[in-house]
>>> print(open('coords.cif').read())   # mmCIF, C-alpha atoms
data_start
#
loop_
_atom_site.label_atom_id
_atom_site.label_comp_id
_atom_site.auth_asym_id
_atom_site.auth_seq_id
_atom_site.Cartn_x
_atom_site.Cartn_y
_atom_site.Cartn_z
CA MET A 1 -33.94 43.25 78.70
CA ILE A 2 -31.91 43.81 75.53
CA ASP A 3 -28.42 42.40 75.24
CA ILE A 4 -27.79 43.00 71.52
CA SER A 5 -28.96 45.79 69.23
CA ILE A 6 -28.84 44.62 65.61
CA CYS A 7 -28.47 47.76 63.45
CA VAL A 8 -28.99 47.45 59.70
CA ASN A 9 -28.69 50.22 57.10
CA VAL A 10 -30.44 49.70 53.77
CA ASP A 11 -31.53 51.87 50.86
CA THR A 12 -33.89 51.77 47.89
CA ARG A 13 -31.69 52.96 45.07
CA PRO A 14 -32.58 51.38 41.69
CA GLU A 15 -31.85 47.66 41.86
CA ASN A 16 -28.35 46.71 40.79
CA ASP A 17 -27.27 43.07 40.61
CA THR A 18 -23.49 43.71 40.33
CA ASN A 19 -21.02 45.55 42.53
CA GLU A 20 -19.64 48.21 40.18
CA LYS A 21 -17.41 50.41 42.31
CA MET A 22 -17.22 52.10 45.71
CA PHE A 23 -20.60 53.63 46.67
CA SER A 24 -22.28 51.63 43.90
CA GLY A 25 -22.65 48.14 45.30
CA VAL A 26 -25.33 45.51 44.89
CA VAL A 27 -28.89 46.68 45.61
CA SER A 28 -31.82 44.29 45.84
CA ARG A 29 -35.29 44.60 47.34
CA ASP A 30 -34.61 41.14 48.82
CA PHE A 31 -32.27 42.85 51.30
CA LEU A 32 -35.17 44.85 52.75
CA THR A 33 -36.95 41.75 54.05
CA GLN A 34 -34.83 38.63 53.62
CA GLY A 35 -31.76 40.63 54.68
CA LEU A 36 -33.46 41.47 57.97
CA ILE A 37 -34.65 37.89 58.42
CA ASN A 38 -31.05 36.80 57.81
CA LYS A 39 -29.79 38.98 60.69
CA LYS A 40 -32.61 37.99 63.04
CA LYS A 41 -31.89 34.32 62.41
CA LEU A 42 -28.19 34.93 63.11
CA PHE A 43 -28.96 35.94 66.70
CA GLU A 44 -31.57 33.32 67.59
CA GLY A 45 -31.42 32.54 71.29
CA PHE A 46 -30.16 36.01 72.27
CA ARG A 47 -32.15 38.89 73.73
CA THR A 48 -32.12 41.31 70.82
CA GLU A 49 -33.76 44.26 69.13
CA LEU A 50 -33.58 44.85 65.39
CA ILE A 51 -33.20 48.43 64.15
CA CYS A 52 -33.38 49.25 60.45
CA PHE A 53 -32.71 52.60 58.80
CA VAL A 54 -33.96 53.01 55.22
CA ASP A 55 -32.53 55.67 52.92
CA GLU A 56 -35.59 55.80 50.66
CA HIS A 57 -34.67 56.69 47.06
CA GLU A 58 -37.47 54.80 45.29
CA THR A 59 -40.72 54.71 47.26
CA LEU A 60 -41.33 51.59 49.34
CA ASP A 61 -44.55 49.75 48.59
CA GLU A 62 -47.01 49.20 51.42
CA LYS A 63 -46.59 45.41 51.47
CA THR A 64 -42.81 45.71 51.95
CA VAL A 65 -43.22 48.34 54.68
CA MET A 66 -45.66 46.12 56.58
CA GLU A 67 -43.35 43.12 56.31
CA MET A 68 -40.38 45.17 57.50
CA LYS A 69 -42.41 46.49 60.44
CA SER A 70 -43.29 42.93 61.44
CA ILE A 71 -39.59 41.99 61.52
CA CYS A 72 -38.13 45.14 63.12
CA ASP A 73 -38.41 46.62 66.58
CA THR A 74 -37.49 50.03 65.16
CA LEU A 75 -37.96 50.99 61.52
CA ILE A 76 -36.80 54.41 60.32
CA ILE A 77 -37.68 55.45 56.77
CA ARG A 78 -36.14 58.72 55.61
CA LYS A 79 -36.80 60.06 52.13
CA HIS A 80 -33.44 60.41 50.42
CA ASN A 81 -32.05 63.87 50.89
CA LYS A 82 -28.43 65.05 50.98
CA SER A 83 -29.08 68.48 52.44
CA PHE A 84 -27.83 69.51 55.89
CA GLU A 85 -28.40 73.01 57.25
CA TYR A 86 -27.15 75.38 54.52
CA GLN A 87 -25.54 72.63 52.40
CA GLU A 88 -27.59 71.13 49.58
CA ASP A 89 -25.08 68.36 48.88
CA PHE A 90 -23.72 67.42 52.31
CA SER A 91 -20.94 64.87 51.75
CA ALA A 92 -21.53 63.07 55.05
CA PHE A 93 -25.25 62.45 54.56
CA ASN A 94 -24.72 58.69 54.55
CA ASP A 95 -22.56 58.83 57.68
CA PHE A 96 -25.46 60.54 59.43
CA ASN A 97 -27.76 57.77 58.24
CA TYR A 98 -25.47 55.35 60.06
CA ILE A 99 -25.39 57.55 63.14
CA SER A 100 -29.19 57.85 63.14
CA CYS A 101 -29.47 54.07 63.16
CA LEU A 102 -26.81 53.51 65.82
CA THR A 103 -28.21 56.09 68.23
CA GLN A 104 -31.45 54.09 68.47
CA ALA A 105 -29.63 51.19 70.11
CA ARG A 106 -30.59 50.27 73.67
CA GLY A 107 -28.68 47.01 74.03
CA ARG A 108 -25.37 46.57 75.78
CA PHE A 109 -23.80 45.44 72.50
CA ILE A 110 -24.26 46.75 68.95
CA PHE A 111 -23.84 44.67 65.80
CA HIS A 112 -23.98 46.83 62.66
CA PHE A 113 -24.53 45.53 59.11
CA ASP A 114 -24.74 47.19 55.72
CA GLY A 115 -27.71 46.07 53.66
CA ASP A 116 -25.64 44.03 51.18
CA VAL A 117 -23.99 41.91 53.88
CA ALA A 118 -25.13 38.32 54.49
CA ALA A 119 -24.19 36.26 57.55
CA PHE A 120 -24.76 32.69 58.70
CA THR A 121 -23.71 30.76 61.78
CA SER A 122 -23.64 27.07 62.70
CA SER A 123 -24.68 27.78 66.31
CA SER A 124 -24.74 30.53 68.90
CA GLU A 125 -21.08 29.90 69.79
CA PRO A 126 -19.47 32.24 67.19
CA ILE A 127 -21.69 35.10 68.40
CA LYS A 128 -20.78 34.32 72.00
CA GLU A 129 -17.10 34.39 71.01
CA ILE A 130 -17.53 37.87 69.52
CA LEU A 131 -19.27 39.04 72.72
CA ASN A 132 -16.41 37.61 74.79
CA LYS A 133 -13.86 39.29 72.50
CA LEU A 134 -15.59 42.62 73.16
CA GLU A 135 -14.68 42.24 76.83
CA GLU A 136 -11.03 42.37 75.68
CA VAL A 137 -11.07 44.83 72.76
CA PRO A 138 -13.38 47.76 71.89
CA PHE A 139 -14.29 46.69 68.34
CA VAL A 140 -14.70 43.57 66.22
CA SER A 141 -14.70 44.30 62.49
CA TYR A 142 -15.31 42.84 59.05
CA PRO A 143 -12.47 40.51 58.00
CA SER A 144 -9.25 41.61 56.38
CA TYR A 145 -6.76 39.44 54.52
CA TRP A 146 -4.45 40.00 57.46
CA SER A 147 -6.96 39.00 60.17
CA PRO A 148 -6.80 39.31 63.12
CA ASN A 149 -4.76 42.38 62.10
CA PRO A 150 -5.94 45.27 59.87
CA VAL A 151 -5.28 45.75 56.19
CA ASP A 152 -1.57 46.33 55.69
CA ASP A 153 -1.79 49.93 54.46
CA PRO A 154 1.25 52.06 55.35
CA THR A 155 -0.60 55.31 54.53
CA PHE A 156 -2.52 54.93 57.79
CA GLN A 157 0.73 54.60 59.78
CA GLY A 158 -0.57 52.07 62.28
CA HIS A 159 -4.08 53.50 62.74
CA TYR A 160 -6.89 50.98 63.00
CA TRP A 161 -10.40 51.38 61.67
CA VAL A 162 -13.60 49.36 61.56
CA SER A 163 -15.76 48.69 58.53
CA THR A 164 -19.35 49.86 58.50
CA ARG A 165 -20.05 46.80 56.36
CA PHE A 166 -19.92 44.95 59.68
CA PHE A 167 -18.68 45.82 63.14
CA ALA A 168 -19.58 44.99 66.70
CA CYS A 169 -18.89 46.95 69.88
CA LYS A 170 -20.32 47.83 73.26
CA ARG A 171 -22.78 50.68 72.99
CA SER A 172 -20.73 52.49 75.64
CA SER A 173 -17.77 52.54 73.22
CA LEU A 174 -19.58 55.02 70.97
CA ASP A 175 -19.31 58.64 72.11
CA PHE A 176 -21.96 60.14 69.84
CA THR A 177 -21.33 63.69 71.00
CA GLU A 178 -17.70 63.43 69.94
CA ILE A 179 -18.51 61.47 66.77
CA ILE A 180 -20.97 64.12 65.57
CA LYS A 181 -18.58 66.95 66.45
CA CYS A 182 -15.83 65.29 64.42
CA GLN A 183 -18.23 64.65 61.55
CA LEU A 184 -19.34 68.29 61.41
CA ASP A 185 -16.05 70.02 62.21
CA TYR A 186 -13.34 68.66 59.93
CA ASP A 187 -10.66 70.99 61.34
CA TYR A 188 -11.44 69.90 64.90
CA TRP A 189 -11.18 66.22 63.95
CA LYS A 190 -7.97 66.76 61.98
CA GLU A 191 -6.29 68.72 64.79
CA LYS A 192 -7.37 66.52 67.70
CA TYR A 193 -6.80 63.17 66.02
CA PRO A 194 -3.91 63.64 63.59
CA ARG A 195 -3.12 60.83 61.17
CA ALA A 196 -1.18 60.40 57.98
CA ARG A 197 -4.21 59.67 55.81
CA LEU A 198 -7.25 61.84 56.39
CA CYS A 199 -10.31 59.76 55.53
CA HIS A 200 -13.35 61.50 56.95
CA TRP A 201 -15.79 58.59 57.03
CA LEU A 202 -17.71 57.37 60.07
CA GLU A 203 -15.80 54.09 60.13
CA HIS A 204 -12.60 56.06 60.74
CA ILE A 205 -14.13 58.60 63.11
CA LEU A 206 -15.40 55.79 65.35
CA LEU A 207 -11.77 55.17 66.24
CA ASN A 208 -10.69 58.67 67.17
CA TYR A 209 -8.40 57.50 69.90
CA PRO A 210 -6.01 54.53 69.86
CA GLN A 211 -8.11 51.44 70.26
CA TYR A 212 -7.49 47.87 69.26
CA VAL A 213 -9.71 46.25 66.63
CA TYR A 214 -10.07 42.50 66.16
CA TYR A 215 -10.71 41.56 62.53
CA LEU A 216 -12.71 38.39 62.00
CA PRO A 217 -10.85 35.54 60.28
CA LEU A 218 -11.62 34.60 56.68
CA GLN A 219 -13.06 31.16 57.38
CA PHE A 220 -16.35 29.41 56.85
CA ASP A 221 -16.35 26.44 59.21
CA ARG A 222 -18.76 27.96 61.79
CA PHE A 223 -19.42 31.56 60.80
CA ILE A 224 -19.92 32.97 57.30
CA LEU A 225 -19.95 36.70 56.58
CA PHE A 226 -19.65 38.32 53.15
CA VAL A 227 -20.78 41.12 50.85
CA TRP A 228 -22.52 40.28 47.59
CA GLU A 229 -20.29 40.95 44.58
CA ASN A 230 -23.29 40.07 42.42
CA TYR A 231 -26.76 38.82 43.23
CA HIS A 232 -29.70 36.88 41.78
CA GLN A 233 -33.22 37.50 43.05
CA TYR A 234 -34.48 35.11 45.76
CA THR A 235 -30.99 33.72 46.48
CA LEU A 236 -30.98 35.03 50.05
CA GLN A 237 -34.47 33.66 50.71
CA ARG A 238 -33.29 30.21 49.64
CA LEU A 239 -30.17 30.39 51.81
CA ASN A 240 -32.16 31.60 54.83
CA ASN A 241 -34.18 28.38 54.63
CA GLN A 242 -31.20 26.05 54.33
CA THR A 243 -29.05 24.43 57.00
CA PHE A 244 -25.68 25.95 57.79
CA GLU A 245 -23.91 23.01 56.16
CA GLU A 246 -25.89 23.50 52.95
CA VAL A 247 -25.03 27.21 52.96
CA ARG A 248 -21.36 26.48 53.66
CA GLN A 249 -21.08 24.03 50.78
CA TRP A 250 -22.78 26.47 48.42
CA VAL A 251 -20.53 29.37 49.49
CA GLU A 252 -17.37 27.29 49.16
CA SER A 253 -18.37 26.38 45.58
CA LYS A 254 -18.26 30.07 44.63
CA SER A 255 -15.39 32.55 44.32
CA PHE A 256 -14.40 35.58 46.35
CA HIS A 257 -13.18 39.03 45.37
CA TYR A 258 -11.04 41.17 47.66
CA PRO A 259 -11.62 41.73 50.46
CA ASN A 260 -14.53 39.38 51.13
CA ASN A 261 -17.12 39.71 48.37
CA LEU A 262 -18.94 36.60 47.14
CA THR A 263 -19.25 36.12 43.37
CA ILE A 264 -22.07 33.76 42.35
#
>>> encode(input="coords.cif", output="structure tokens")
Amino acid sequence: MIDISICVNVDTRPENDTNEKMFSGVVSRDFLTQGLINKKKLFEGFRTELICFVDEHETLDEKTVMEMKSICDTLIIRKHNKSFEYQEDFSAFNDFNYISCLTQARGRFIFHFDGDVAAFTSSSEPIKEILNKLEEVPFVSYPSYWSPNPVDDPTFQGHYWVSTRFFACKRSSLDFTEIIKCQLDYDYWKEKYPRARLCHWLEHILLNYPQYVYYLPLQFDRFILFVWENYHQYTLQRLNNQTFEEVRQWVESKSFHYPNNLTI
């Protein structure tokens, strides 16, 4: 039996140790192995499967592939390509990478992570709390400064959205037929789900109809979740082998950049 599908999206763009701008975040080969170990450790004690989708820009070496296969239940490696049907530069190629990963899920619950996200927990209780929250609301998302409410952005006029950096939901909450239709037919999406700000990304399309989203609080007492603002090789390996208290003290000695990026 599978209760939780852990879905992780990674890529092999040239390594980049500093978050520069949107779509150009931190990239490290550490995330391909230690990032997966980090997520597996997060869900110890639960019945899980780990699904990883690799957008392969630079070719993976055989040793890394074998290590990833030993960690994952499902490993998808797709050579980087932006084409879709007659379009050579399909703007939603990365959204379809996410969809390809999510559709592999067989668990009752899905927890999705971007490759540059790290997460640590003091026990199984914070994960259980998220699972319980998903009995009340459809989605749990990456923190905002206004948690448990969304970012205070009037251009969205009250619409909620999740972050593909991290979100959790029941698998049954994802209508892939409708998601793909909205992704491929912009006019259909715009007409059926009108909103003030038209942002045609998967994280907005997931919430086509009014649904409540719970945004995790910005706190580190029992559950730590962040994106790397910058990164040094082997850092994640070291943290994966430390106690939660050691990780917490290290994280609290660093600084954060909006909305929840760790600067080391």
>>> closest_residue(input="coords.cif", among="A:Asn240, A:Trp228, A:Glu129, A:Val140", to="Leu262 (chain A)", atoms="only C-alpha atoms")
A:Trp228
>>> atom_distance(input="coords.cif", atom1="CA of Asn97 (chain A)", atom2="CA of Asn260 (chain A)")
23.7 Å
>>> resolve_selection(input="coords.cif", expression="the PyMOL selection byres ((chain A and resi 169) around 10)", output="list in words")
Ile4, Arg108, Phe109, Ile110, Phe111, His112, Ile130, Leu131, Lys133, Leu134, Glu135, Val137, Pro138, Phe139, Val140, Ser141, Phe167, Ala168, Lys170, Arg171, Ser172, Ser173, Leu174 and Val213 of chain A
>>> residues_around(input="coords.cif", residues="region 248-256 of chain A", least_positions_apart="6", cutoff="8 Å", atoms="all atoms listed in the file", output="VMD selection string")
chain A and resid 220 to 221 224 262 to 264
>>> closest_residue(input="coords.cif", among="A:Tyr98, A:Tyr142, A:Tyr193, A:Tyr188", to="Ala118 (chain A)", atoms="only C-alpha atoms")
A:Tyr142
>>> atom_distance(input="coords.cif", atom1="CA of Lys128 (chain A)", atom2="CA of Tyr258 (chain A)")
27.1 Å
>>> atom_distance(input="coords.cif", atom1="CA of Val10 (chain A)", atom2="CA of Leu198 (chain A)")
26.3 Å
>>> resolve_selection(input="coords.cif", expression="the PyMOL selection byres ((chain A and resi 67) around 12)", output="list in words")
Asp30, Leu32, Thr33, Gln34, Gly35, Leu36, Ile37, Leu60, Asp61, Glu62, Lys63, Thr64, Val65, Met66, Met68, Lys69, Ser70, Ile71, Cys72, Asp73 and Leu75 of chain A
>>> write_last_selection(input="coords.cif", atoms="C-alpha atoms", output="mmCIF file, keeping the file's coordinate frame")
data_model
loop_
_atom_site.group_PDB
_atom_site.id
_atom_site.type_symbol
_atom_site.label_atom_id
_atom_site.label_comp_id
_atom_site.auth_asym_id
_atom_site.auth_seq_id
_atom_site.Cartn_x
_atom_site.Cartn_y
_atom_site.Cartn_z
ATOM 1 C CA ASP A 30 -34.610 41.140 48.820
ATOM 2 C CA LEU A 32 -35.170 44.850 52.750
ATOM 3 C CA THR A 33 -36.950 41.750 54.050
ATOM 4 C CA GLN A 34 -34.830 38.630 53.620
ATOM 5 C CA GLY A 35 -31.760 40.630 54.680
ATOM 6 C CA LEU A 36 -33.460 41.470 57.970
ATOM 7 C CA ILE A 37 -34.650 37.890 58.420
ATOM 8 C CA LEU A 60 -41.330 51.590 49.340
ATOM 9 C CA ASP A 61 -44.550 49.750 48.590
ATOM 10 C CA GLU A 62 -47.010 49.200 51.420
ATOM 11 C CA LYS A 63 -46.590 45.410 51.470
ATOM 12 C CA THR A 64 -42.810 45.710 51.950
ATOM 13 C CA VAL A 65 -43.220 48.340 54.680
ATOM 14 C CA MET A 66 -45.660 46.120 56.580
ATOM 15 C CA MET A 68 -40.380 45.170 57.500
ATOM 16 C CA LYS A 69 -42.410 46.490 60.440
ATOM 17 C CA SER A 70 -43.290 42.930 61.440
ATOM 18 C CA ILE A 71 -39.590 41.990 61.520
ATOM 19 C CA CYS A 72 -38.130 45.140 63.120
ATOM 20 C CA ASP A 73 -38.410 46.620 66.580
ATOM 21 C CA LEU A 75 -37.960 50.990 61.520
#
